[in-house]
>>> print(open('target_12.txt').read())   # compact mmCIF, C-alpha atoms and all ligand atoms
# COMPACT_ATOMS: atom_id res chain seq x y z
CA MET H 1 -185.14 -71.96 126.67
CA LYS H 2 -183.96 -69.24 124.28
CA ARG H 3 -182.77 -65.95 125.81
CA GLY H 4 -185.55 -63.43 126.34
CA ALA H 5 -188.24 -66.05 125.70
CA PRO H 6 -191.37 -65.87 127.86
CA GLU H 7 -191.48 -68.70 130.42
CA ARG H 8 -194.31 -70.38 128.58
CA LEU H 9 -196.01 -69.62 125.28
CA ILE H 10 -199.11 -71.57 126.42
CA ASP H 11 -200.13 -71.56 130.10
CA GLU H 12 -201.80 -74.30 132.17
CA ASN H 13 -205.25 -73.03 131.07
CA GLY H 14 -204.31 -73.37 127.42
CA ARG H 15 -204.05 -69.56 127.00
CA ARG H 16 -201.40 -67.96 124.84
CA VAL H 17 -199.14 -64.98 125.83
CA ASP H 18 -201.84 -62.51 124.76
CA GLY H 19 -204.66 -64.51 126.39
CA ARG H 20 -205.99 -66.12 123.21
CA LEU H 21 -206.97 -69.77 122.87
CA PRO H 22 -205.12 -71.75 120.16
CA ASP H 23 -207.92 -71.36 117.60
CA GLU H 24 -208.49 -67.61 118.12
CA MET H 25 -207.25 -64.99 115.70
CA ARG H 26 -206.38 -61.44 116.73
CA PRO H 27 -208.90 -58.65 116.23
CA LEU H 28 -209.00 -57.58 112.58
CA ARG H 29 -210.11 -54.21 111.27
CA VAL H 30 -210.11 -53.29 107.58
CA GLU H 31 -210.82 -49.90 106.04
CA ALA H 32 -211.06 -49.31 102.29
CA GLY H 33 -210.37 -46.10 100.36
CA VAL H 34 -208.28 -44.35 103.01
CA LEU H 35 -206.07 -42.41 100.56
CA LYS H 36 -207.29 -39.80 98.12
CA ASN H 37 -204.50 -39.74 95.55
CA ALA H 38 -204.07 -43.48 94.95
CA ASP H 39 -206.49 -45.34 92.65
CA GLY H 40 -207.26 -47.74 95.49
CA SER H 41 -206.19 -48.14 99.10
CA ALA H 42 -206.77 -50.01 102.32
CA TYR H 43 -205.69 -49.89 105.94
CA VAL H 44 -205.52 -53.06 108.02
CA GLU H 45 -205.00 -53.69 111.70
CA LEU H 46 -204.42 -57.30 112.68
CA GLY H 47 -203.68 -57.28 116.40
CA ASN H 48 -200.74 -54.90 116.72
CA ASN H 49 -199.88 -54.97 113.01
CA LYS H 50 -200.75 -51.79 111.15
CA VAL H 51 -200.56 -51.93 107.36
CA LEU H 52 -201.31 -49.44 104.61
CA ALA H 53 -201.73 -50.54 100.98
CA ALA H 54 -202.05 -48.29 97.94
CA VAL H 55 -202.74 -49.31 94.35
CA TYR H 56 -201.94 -47.38 91.15
CA GLY H 57 -203.20 -48.55 87.80
CA PRO H 58 -203.93 -50.00 85.43
CA ARG H 59 -201.56 -47.51 83.81
CA GLU H 60 -198.74 -47.34 81.27
CA PRO H 61 -195.80 -49.33 82.66
CA MET H 62 -192.59 -47.58 83.58
CA PRO H 63 -190.29 -48.43 81.84
CA ARG H 64 -192.56 -48.88 78.83
CA HIS H 65 -190.67 -51.87 77.41
CA GLU H 66 -191.92 -53.97 80.36
CA ALA H 67 -195.43 -53.97 78.84
CA LEU H 68 -196.88 -57.37 77.95
CA PRO H 69 -199.09 -57.64 74.85
CA ASP H 70 -201.69 -59.92 76.43
CA ARG H 71 -201.95 -58.91 80.09
CA ALA H 72 -201.09 -56.42 82.79
CA ILE H 73 -197.96 -56.79 84.88
CA LEU H 74 -198.63 -56.83 88.60
CA LYS H 75 -195.94 -55.18 90.69
CA CYS H 76 -195.78 -55.25 94.43
CA ARG H 77 -193.50 -53.50 96.87
CA TYR H 78 -193.56 -54.41 100.58
CA SER H 79 -191.66 -52.15 102.90
CA MET H 80 -191.31 -51.95 106.65
CA LEU H 81 -191.01 -48.39 107.85
CA PRO H 82 -188.01 -47.57 110.08
CA PHE H 83 -190.31 -47.09 113.11
CA SER H 84 -192.34 -50.26 112.57
CA VAL H 85 -190.20 -52.38 114.89
CA ALA H 86 -188.62 -51.78 118.32
CA GLU H 87 -185.15 -51.11 116.90
CA ARG H 88 -185.04 -48.68 113.97
CA LYS H 89 -185.07 -50.60 110.71
CA SER H 90 -182.86 -49.31 107.92
CA PRO H 91 -184.97 -47.72 105.17
CA GLN H 92 -182.91 -49.62 102.57
CA PRO H 93 -184.90 -52.56 101.15
CA SER H 94 -183.67 -55.71 102.91
CA ARG H 95 -183.50 -59.18 101.34
CA ARG H 96 -186.53 -60.06 103.45
CA GLU H 97 -188.56 -57.16 102.02
CA ILE H 98 -187.57 -58.09 98.46
CA GLU H 99 -188.63 -61.69 99.12
CA LEU H 100 -191.92 -60.67 100.76
CA SER H 101 -192.74 -58.34 97.84
CA LYS H 102 -192.49 -61.37 95.54
CA VAL H 103 -194.43 -63.65 97.91
CA ILE H 104 -197.27 -61.11 98.27
CA ARG H 105 -197.40 -60.49 94.52
CA GLU H 106 -197.69 -64.22 93.86
CA ALA H 107 -200.46 -64.54 96.47
CA LEU H 108 -202.48 -61.69 94.91
CA ALA H 109 -201.90 -62.31 91.18
CA PRO H 110 -204.27 -65.31 90.76
CA ALA H 111 -207.17 -63.13 91.99
CA VAL H 112 -206.70 -60.42 89.37
CA PHE H 113 -208.01 -60.61 85.77
CA LEU H 114 -204.64 -59.47 84.43
CA ASN H 115 -205.61 -60.33 80.84
CA GLU H 116 -208.35 -57.66 80.98
CA TYR H 117 -205.65 -54.98 81.02
CA PRO H 118 -203.01 -55.71 78.33
CA ARG H 119 -199.95 -53.42 78.03
CA THR H 120 -200.51 -51.88 81.48
CA SER H 121 -199.05 -52.18 84.95
CA ILE H 122 -200.90 -52.47 88.23
CA GLU H 123 -198.78 -51.48 91.21
CA VAL H 124 -199.39 -52.39 94.84
CA TYR H 125 -197.39 -50.48 97.47
CA ILE H 126 -197.49 -51.87 100.99
CA HIS H 127 -196.13 -50.10 104.03
CA ILE H 128 -195.86 -51.72 107.42
CA LEU H 129 -196.39 -49.00 110.00
CA GLU H 130 -196.15 -51.40 112.94
CA ALA H 131 -195.15 -55.06 112.92
CA ASP H 132 -195.98 -57.85 115.33
CA GLY H 133 -195.79 -61.15 113.41
CA GLY H 134 -197.92 -61.93 110.38
CA THR H 135 -197.20 -58.80 108.35
CA ARG H 136 -197.23 -60.74 105.05
CA THR H 137 -200.72 -62.05 105.73
CA ALA H 138 -201.98 -58.62 106.85
CA SER H 139 -200.40 -57.21 103.65
CA ILE H 140 -202.25 -59.70 101.45
CA ILE H 141 -205.54 -58.79 103.18
CA ALA H 142 -204.82 -55.08 102.63
CA GLY H 143 -203.47 -55.49 99.09
CA SER H 144 -206.51 -57.38 97.84
CA VAL H 145 -208.94 -54.81 99.31
CA ALA H 146 -206.89 -51.97 97.77
CA LEU H 147 -207.03 -53.71 94.35
CA ALA H 148 -210.81 -54.08 94.63
CA ASP H 149 -211.09 -50.46 95.80
CA ALA H 150 -209.20 -49.42 92.64
CA GLY H 151 -212.04 -51.01 90.66
CA ILE H 152 -209.78 -53.68 89.15
CA ALA H 153 -211.63 -56.78 87.90
CA MET H 154 -211.01 -59.65 90.30
CA ARG H 155 -212.01 -63.30 90.56
CA ASP H 156 -212.21 -63.05 94.36
CA LEU H 157 -210.60 -61.27 97.29
CA VAL H 158 -207.61 -62.91 98.97
CA ALA H 159 -207.70 -63.67 102.69
CA ALA H 160 -204.57 -64.74 104.56
CA ILE H 161 -203.52 -65.94 108.00
CA ALA H 162 -200.55 -67.75 109.55
CA VAL H 163 -200.91 -70.92 111.59
CA GLY H 164 -198.08 -71.53 114.05
CA LYS H 165 -196.84 -74.44 116.08
CA ILE H 166 -195.97 -74.30 119.77
CA GLY H 167 -194.61 -77.65 120.96
CA ASN H 168 -197.15 -79.85 119.24
CA VAL H 169 -200.09 -77.46 119.54
CA LEU H 170 -201.23 -75.64 116.39
CA VAL H 171 -202.16 -72.00 117.01
CA LEU H 172 -204.01 -69.65 114.71
CA ASP H 173 -202.57 -66.28 113.72
CA ILE H 174 -199.21 -66.22 115.53
CA ASN H 175 -197.96 -62.94 116.95
CA GLY H 176 -194.37 -61.67 117.01
CA ILE H 177 -193.34 -63.45 120.24
CA GLU H 178 -194.88 -66.73 119.10
CA ASP H 179 -193.16 -66.34 115.74
CA GLN H 180 -189.81 -65.72 117.43
CA TYR H 181 -189.92 -68.45 120.07
CA GLY H 182 -192.42 -70.96 118.67
CA ASP H 183 -191.69 -74.07 116.63
CA GLY H 184 -193.33 -73.36 113.30
CA ASP H 185 -194.98 -70.77 111.09
CA MET H 186 -197.25 -71.58 108.14
CA PRO H 187 -198.65 -68.53 106.31
CA ILE H 188 -201.60 -69.43 104.08
CA ALA H 189 -203.57 -67.28 101.62
CA MET H 190 -206.79 -68.26 99.94
CA MET H 191 -209.48 -66.93 97.63
CA PRO H 192 -212.30 -67.77 100.03
CA GLN H 193 -215.18 -67.87 97.56
CA ARG H 194 -213.31 -70.08 95.12
CA GLY H 195 -211.59 -72.20 97.79
CA GLU H 196 -208.23 -71.83 96.01
CA ILE H 197 -204.99 -71.51 97.94
CA THR H 198 -202.66 -68.84 96.51
CA LEU H 199 -199.89 -69.04 99.12
CA LEU H 200 -198.66 -71.81 101.38
CA GLN H 201 -195.31 -71.47 103.10
CA ALA H 202 -193.91 -73.36 106.05
CA ASP H 203 -191.06 -72.63 108.39
CA GLY H 204 -190.52 -75.50 110.85
CA VAL H 205 -191.57 -79.13 110.71
CA PHE H 206 -195.25 -80.02 110.16
CA THR H 207 -196.54 -83.60 109.77
CA PRO H 208 -199.09 -84.30 106.99
CA GLN H 209 -201.81 -84.46 109.71
CA GLU H 210 -200.68 -81.11 111.09
CA ILE H 211 -200.85 -79.55 107.62
CA GLU H 212 -204.45 -80.76 107.27
CA GLU H 213 -205.31 -79.46 110.74
CA ALA H 214 -203.62 -76.11 109.97
CA LEU H 215 -205.74 -75.77 106.83
CA ARG H 216 -208.89 -76.52 108.86
CA LEU H 217 -207.93 -73.87 111.45
CA ALA H 218 -207.16 -71.32 108.73
CA GLN H 219 -210.41 -72.06 106.91
CA LYS H 220 -212.48 -70.67 109.81
CA ALA H 221 -210.38 -67.52 109.88
CA PHE H 222 -210.76 -67.00 106.10
CA GLN H 223 -214.53 -66.67 106.40
CA LYS H 224 -214.14 -63.99 109.12
CA ILE H 225 -211.43 -62.15 107.19
CA TYR H 226 -213.45 -62.23 103.99
CA ALA H 227 -216.52 -60.86 105.80
CA GLU H 228 -214.45 -57.97 107.19
CA GLN H 229 -212.91 -57.24 103.75
CA VAL H 230 -216.36 -57.13 102.16
CA ARG H 231 -217.72 -54.98 105.00
CA ALA H 232 -214.90 -52.47 104.46
CA LEU H 233 -215.54 -52.24 100.71
CA LYS H 234 -219.30 -51.88 101.18
CA THR H 235 -218.80 -49.11 103.76
CA LYS H 236 -216.54 -47.25 101.34
CA TYR H 237 -218.98 -47.54 98.42
CA GLU H 238 -222.00 -46.65 100.52
CA SER H 239 -220.25 -43.43 101.61
CA VAL H 240 -219.38 -42.61 97.95
CA LYS H 241 -223.03 -43.21 96.98
CA GLU H 242 -224.24 -40.92 99.77
CA VAL H 243 -221.93 -38.11 98.62
CA GLU H 244 -223.14 -38.50 95.02
CA GLU H 245 -226.84 -38.44 95.97
P1 LIG N 301 -194.22 -61.97 108.94
O1 LIG N 301 -194.28 -60.54 109.40
O2 LIG N 301 -195.02 -62.20 107.71
O3 LIG N 301 -194.56 -62.94 110.05
P2 LIG N 301 -191.46 -62.79 109.31
O4 LIG N 301 -191.75 -64.17 109.79
O5 LIG N 301 -190.26 -62.60 108.44
O6 LIG N 301 -192.71 -62.23 108.48
O7 LIG N 301 -191.31 -61.78 110.53
C1 LIG N 301 -191.95 -62.01 111.75
C2 LIG N 301 -191.93 -60.78 112.58
O8 LIG N 301 -190.60 -60.46 112.97
C3 LIG N 301 -192.41 -59.51 111.91
O9 LIG N 301 -193.82 -59.43 111.81
C4 LIG N 301 -191.85 -58.46 112.82
O10 LIG N 301 -192.65 -58.33 113.99
C5 LIG N 301 -190.50 -59.08 113.19
N1 LIG N 301 -189.44 -58.52 112.34
C6 LIG N 301 -189.22 -58.72 111.04
N2 LIG N 301 -188.16 -58.01 110.57
C7 LIG N 301 -187.70 -57.32 111.64
C8 LIG N 301 -186.64 -56.39 111.84
N3 LIG N 301 -185.83 -56.01 110.84
N4 LIG N 301 -186.48 -55.91 113.08
C9 LIG N 301 -187.28 -56.28 114.10
N5 LIG N 301 -188.31 -57.13 113.97
C10 LIG N 301 -188.52 -57.65 112.77
>>> encode(input="target_12.txt", output="structure tokens")
Amino acid sequence: MKRGAPERLIDENGRRVDGRLPDEMRPLRVEAGVLKNADGSAYVELGNNKVLAAVYGPREPMPRHEALPDRAILKCRYSMLPFSVAERKSPQPSRREIELSKVIREALAPAVFLNEYPRTSIEVYIHILEADGGTRTASIIAGSVALADAGIAMRDLVAAIAVGKIGNVLVLDINGIEDQYGDGDMPIAMMPQRGEITLLQADGVFTPQEIEEALRLAQKAFQKIYAEQVRALKTKYESVKEVEE
């Protein structure tokens, strides 16, 4: 067993370190429109993860020469705040943050009608306030709600969740300990209404059957995540309507 690892990641009753069954996701809470100055924003809690996303745009790109004649450019910056993990993280962007910025951008881009906004940029800033495994998926959930909150035309929202592997048991929505000591991590993002996958990564070894089973497990979570994303957006717009009336 690796140093510092819990004795067992799944106990004799089939419960995980935080008491969940293999097919249970952590509690999810989404709030839309939490920031006044950004064009769109969202706050997401997925278990112990706390994520803030802010969107600016569509606006003139900086630098201007980056502008594309036929569509908007989507930019995304993921950053983990120094106090988001147990040991202070350097505020300098790490290779991991640069990679995750790209991964999150690629997971969100298919949902946005970029060709509706030529010669502009749409920027998504994501800050991880607290991290506990699955920050990229929580960021995709937050980023897509913030884009919708900014009023940007979208094909669908994007829901995301990671399926992990502990021994040969597949577990939904792995937490930090399971990520660290488990045997596999497969983050998946999907446009739930269209049924299109926009991100599929895998760390560890998954058989073809396990990949199918992981997609089945994730599918259930996507419906719940999507419902919570929609609820958050409706709540925001109902409160705006009330103020206007
Ligand atoms: P994800 O957060 O999407 O699962 P990773 O698999 O890279 O991405 O990271 C897993 C978890 O490891 C993070 O959610 C976080 O809890 C922890 N972690 C990542 N980077 C650091 C760091 N620099 N210091 C401490 N913990 C970290």
>>> atom_distance(input="target_12.txt", atom1="atom CA of H:Leu199", atom2="atom CA of H:Val169")
22.1 Å
>>> residues_around(input="target_12.txt", residues="H:Tyr56", least_positions_apart="3", cutoff="8 Å", atoms="all atoms listed in the file", output="list in words")
Ala38, Asp39, Gly40, Arg59, Ile122, Glu123, Val124 and Ala150 of chain H
>>> closest_atom_pairs(input="target_12.txt", of="stretch 87-187 of chain H", to="stretch 218-231 of chain H", cutoff="8 Å", atoms="only C-alpha atoms", output="Markdown table")
| residue | atom | partner | partner_atom | distance |
| --- | --- | --- | --- | --- |
| H:Ile141 | CA | H:Gln229 | CA | 7.6 |
| H:Val145 | CA | H:Gln229 | CA | 6.4 |
| H:Leu157 | CA | H:Tyr226 | CA | 7.3 |
| H:Val158 | CA | H:Tyr226 | CA | 7.7 |
| H:Ala159 | CA | H:Phe222 | CA | 5.7 |
| H:Ala160 | CA | H:Phe222 | CA | 6.8 |
| H:Ile161 | CA | H:Ala218 | CA | 6.5 |
| H:Ala162 | CA | H:Ala218 | CA | 7.6 |
| H:Val163 | CA | H:Ala218 | CA | 6.9 |
| H:Leu172 | CA | H:Ala218 | CA | 7.0 |
>>> residues_near_ligand(input="target_12.txt", ligand="ligand LIG 301 (chain N)", cutoff="10 Å", atoms="all atoms listed in the file", output="PyMOL selection string")
chain H and resi 48-49+80-90+94+96-97+99-100+103-104+128+130-140+161-162+173-180+184-187+203
>>> closest_residue(input="target_12.txt", among="H:Ala142, H:Lys236, H:Ala107, H:Ile152", to="H:Met191", atoms="all atoms listed in the file")
H:Ala107
>>> residues_around(input="target_12.txt", residues="H:Ala53", least_positions_apart="6", cutoff="8 Å", atoms="all atoms listed in the file", output="PDB file with C-alpha atoms, in the coordinates of the input")
ATOM      1  CA  SER H  41    -206.190 -48.140  99.100  1.00  0.00           C
ATOM      2  CA  ALA H  42    -206.770 -50.010 102.320  1.00  0.00           C
ATOM      3  CA  TYR H  43    -205.690 -49.890 105.940  1.00  0.00           C
ATOM      4  CA  VAL H 124    -199.390 -52.390  94.840  1.00  0.00           C
ATOM      5  CA  TYR H 125    -197.390 -50.480  97.470  1.00  0.00           C
ATOM      6  CA  ILE H 126    -197.490 -51.870 100.990  1.00  0.00           C
ATOM      7  CA  HIS H 127    -196.130 -50.100 104.030  1.00  0.00           C
ATOM      8  CA  SER H 139    -200.400 -57.210 103.650  1.00  0.00           C
ATOM      9  CA  ALA H 142    -204.820 -55.080 102.630  1.00  0.00           C
ATOM     10  CA  GLY H 143    -203.470 -55.490  99.090  1.00  0.00           C
ATOM     11  CA  ALA H 146    -206.890 -51.970  97.770  1.00  0.00           C
TER      12      ALA H 146
END
>>> closest_residue(input="target_12.txt", among="H:Gly33, H:Pro22, H:Pro208, H:Pro69", to="H:Val240", atoms="all atoms listed in the file")
H:Gly33
>>> closest_residue(input="target_12.txt", among="H:Pro63, H:Asp149, H:Leu200, H:Arg71", to="H:Glu31", atoms="only C-alpha atoms")
H:Asp149
>>> atom_distance(input="target_12.txt", atom1="atom CA of H:Glu7", atom2="atom CA of H:Asp183")
14.8 Å
>>> decode(input="target_12.txt", residues="stretch 225-237 of chain H", atoms="N, CA and C atoms", output="short mmCIF file (atom, residue, chain, number, x, y, z; two decimals), in the first residue's frame")
data_model
loop_
_atom_site.label_atom_id
_atom_site.label_comp_id
_atom_site.auth_asym_id
_atom_site.auth_seq_id
_atom_site.Cartn_x
_atom_site.Cartn_y
_atom_site.Cartn_z
N ILE H 225 -26.76 16.60 -13.17
CA ILE H 225 -25.94 17.82 -13.27
C ILE H 225 -26.66 18.85 -14.14
N TYR H 226 -27.19 18.37 -15.26
CA TYR H 226 -27.89 19.25 -16.19
C TYR H 226 -29.09 19.89 -15.49
N ALA H 227 -29.82 19.09 -14.72
CA ALA H 227 -31.01 19.63 -14.02
C ALA H 227 -30.59 20.72 -13.04
N GLU H 228 -29.46 20.53 -12.37
CA GLU H 228 -28.99 21.53 -11.40
C GLU H 228 -28.49 22.79 -12.13
N GLN H 229 -27.84 22.62 -13.28
CA GLN H 229 -27.38 23.78 -14.07
C GLN H 229 -28.57 24.61 -14.52
N VAL H 230 -29.60 23.92 -15.02
CA VAL H 230 -30.80 24.63 -15.50
C VAL H 230 -31.50 25.32 -14.33
N ARG H 231 -31.59 24.62 -13.20
CA ARG H 231 -32.24 25.21 -12.02
C ARG H 231 -31.53 26.51 -11.62
N ALA H 232 -30.19 26.48 -11.65
CA ALA H 232 -29.42 27.67 -11.26
C ALA H 232 -29.71 28.84 -12.21
N LEU H 233 -29.74 28.55 -13.51
CA LEU H 233 -29.98 29.62 -14.49
C LEU H 233 -31.40 30.17 -14.36
N LYS H 234 -32.37 29.27 -14.14
CA LYS H 234 -33.76 29.74 -13.99
C LYS H 234 -33.89 30.62 -12.76
N THR H 235 -33.26 30.21 -11.66
CA THR H 235 -33.34 30.98 -10.41
C THR H 235 -32.79 32.38 -10.65
N LYS H 236 -31.65 32.44 -11.36
CA LYS H 236 -31.04 33.75 -11.63
C LYS H 236 -32.00 34.62 -12.45
N TYR H 237 -32.58 34.04 -13.53
CA TYR H 237 -33.41 34.86 -14.41
C TYR H 237 -34.75 35.21 -13.78
#
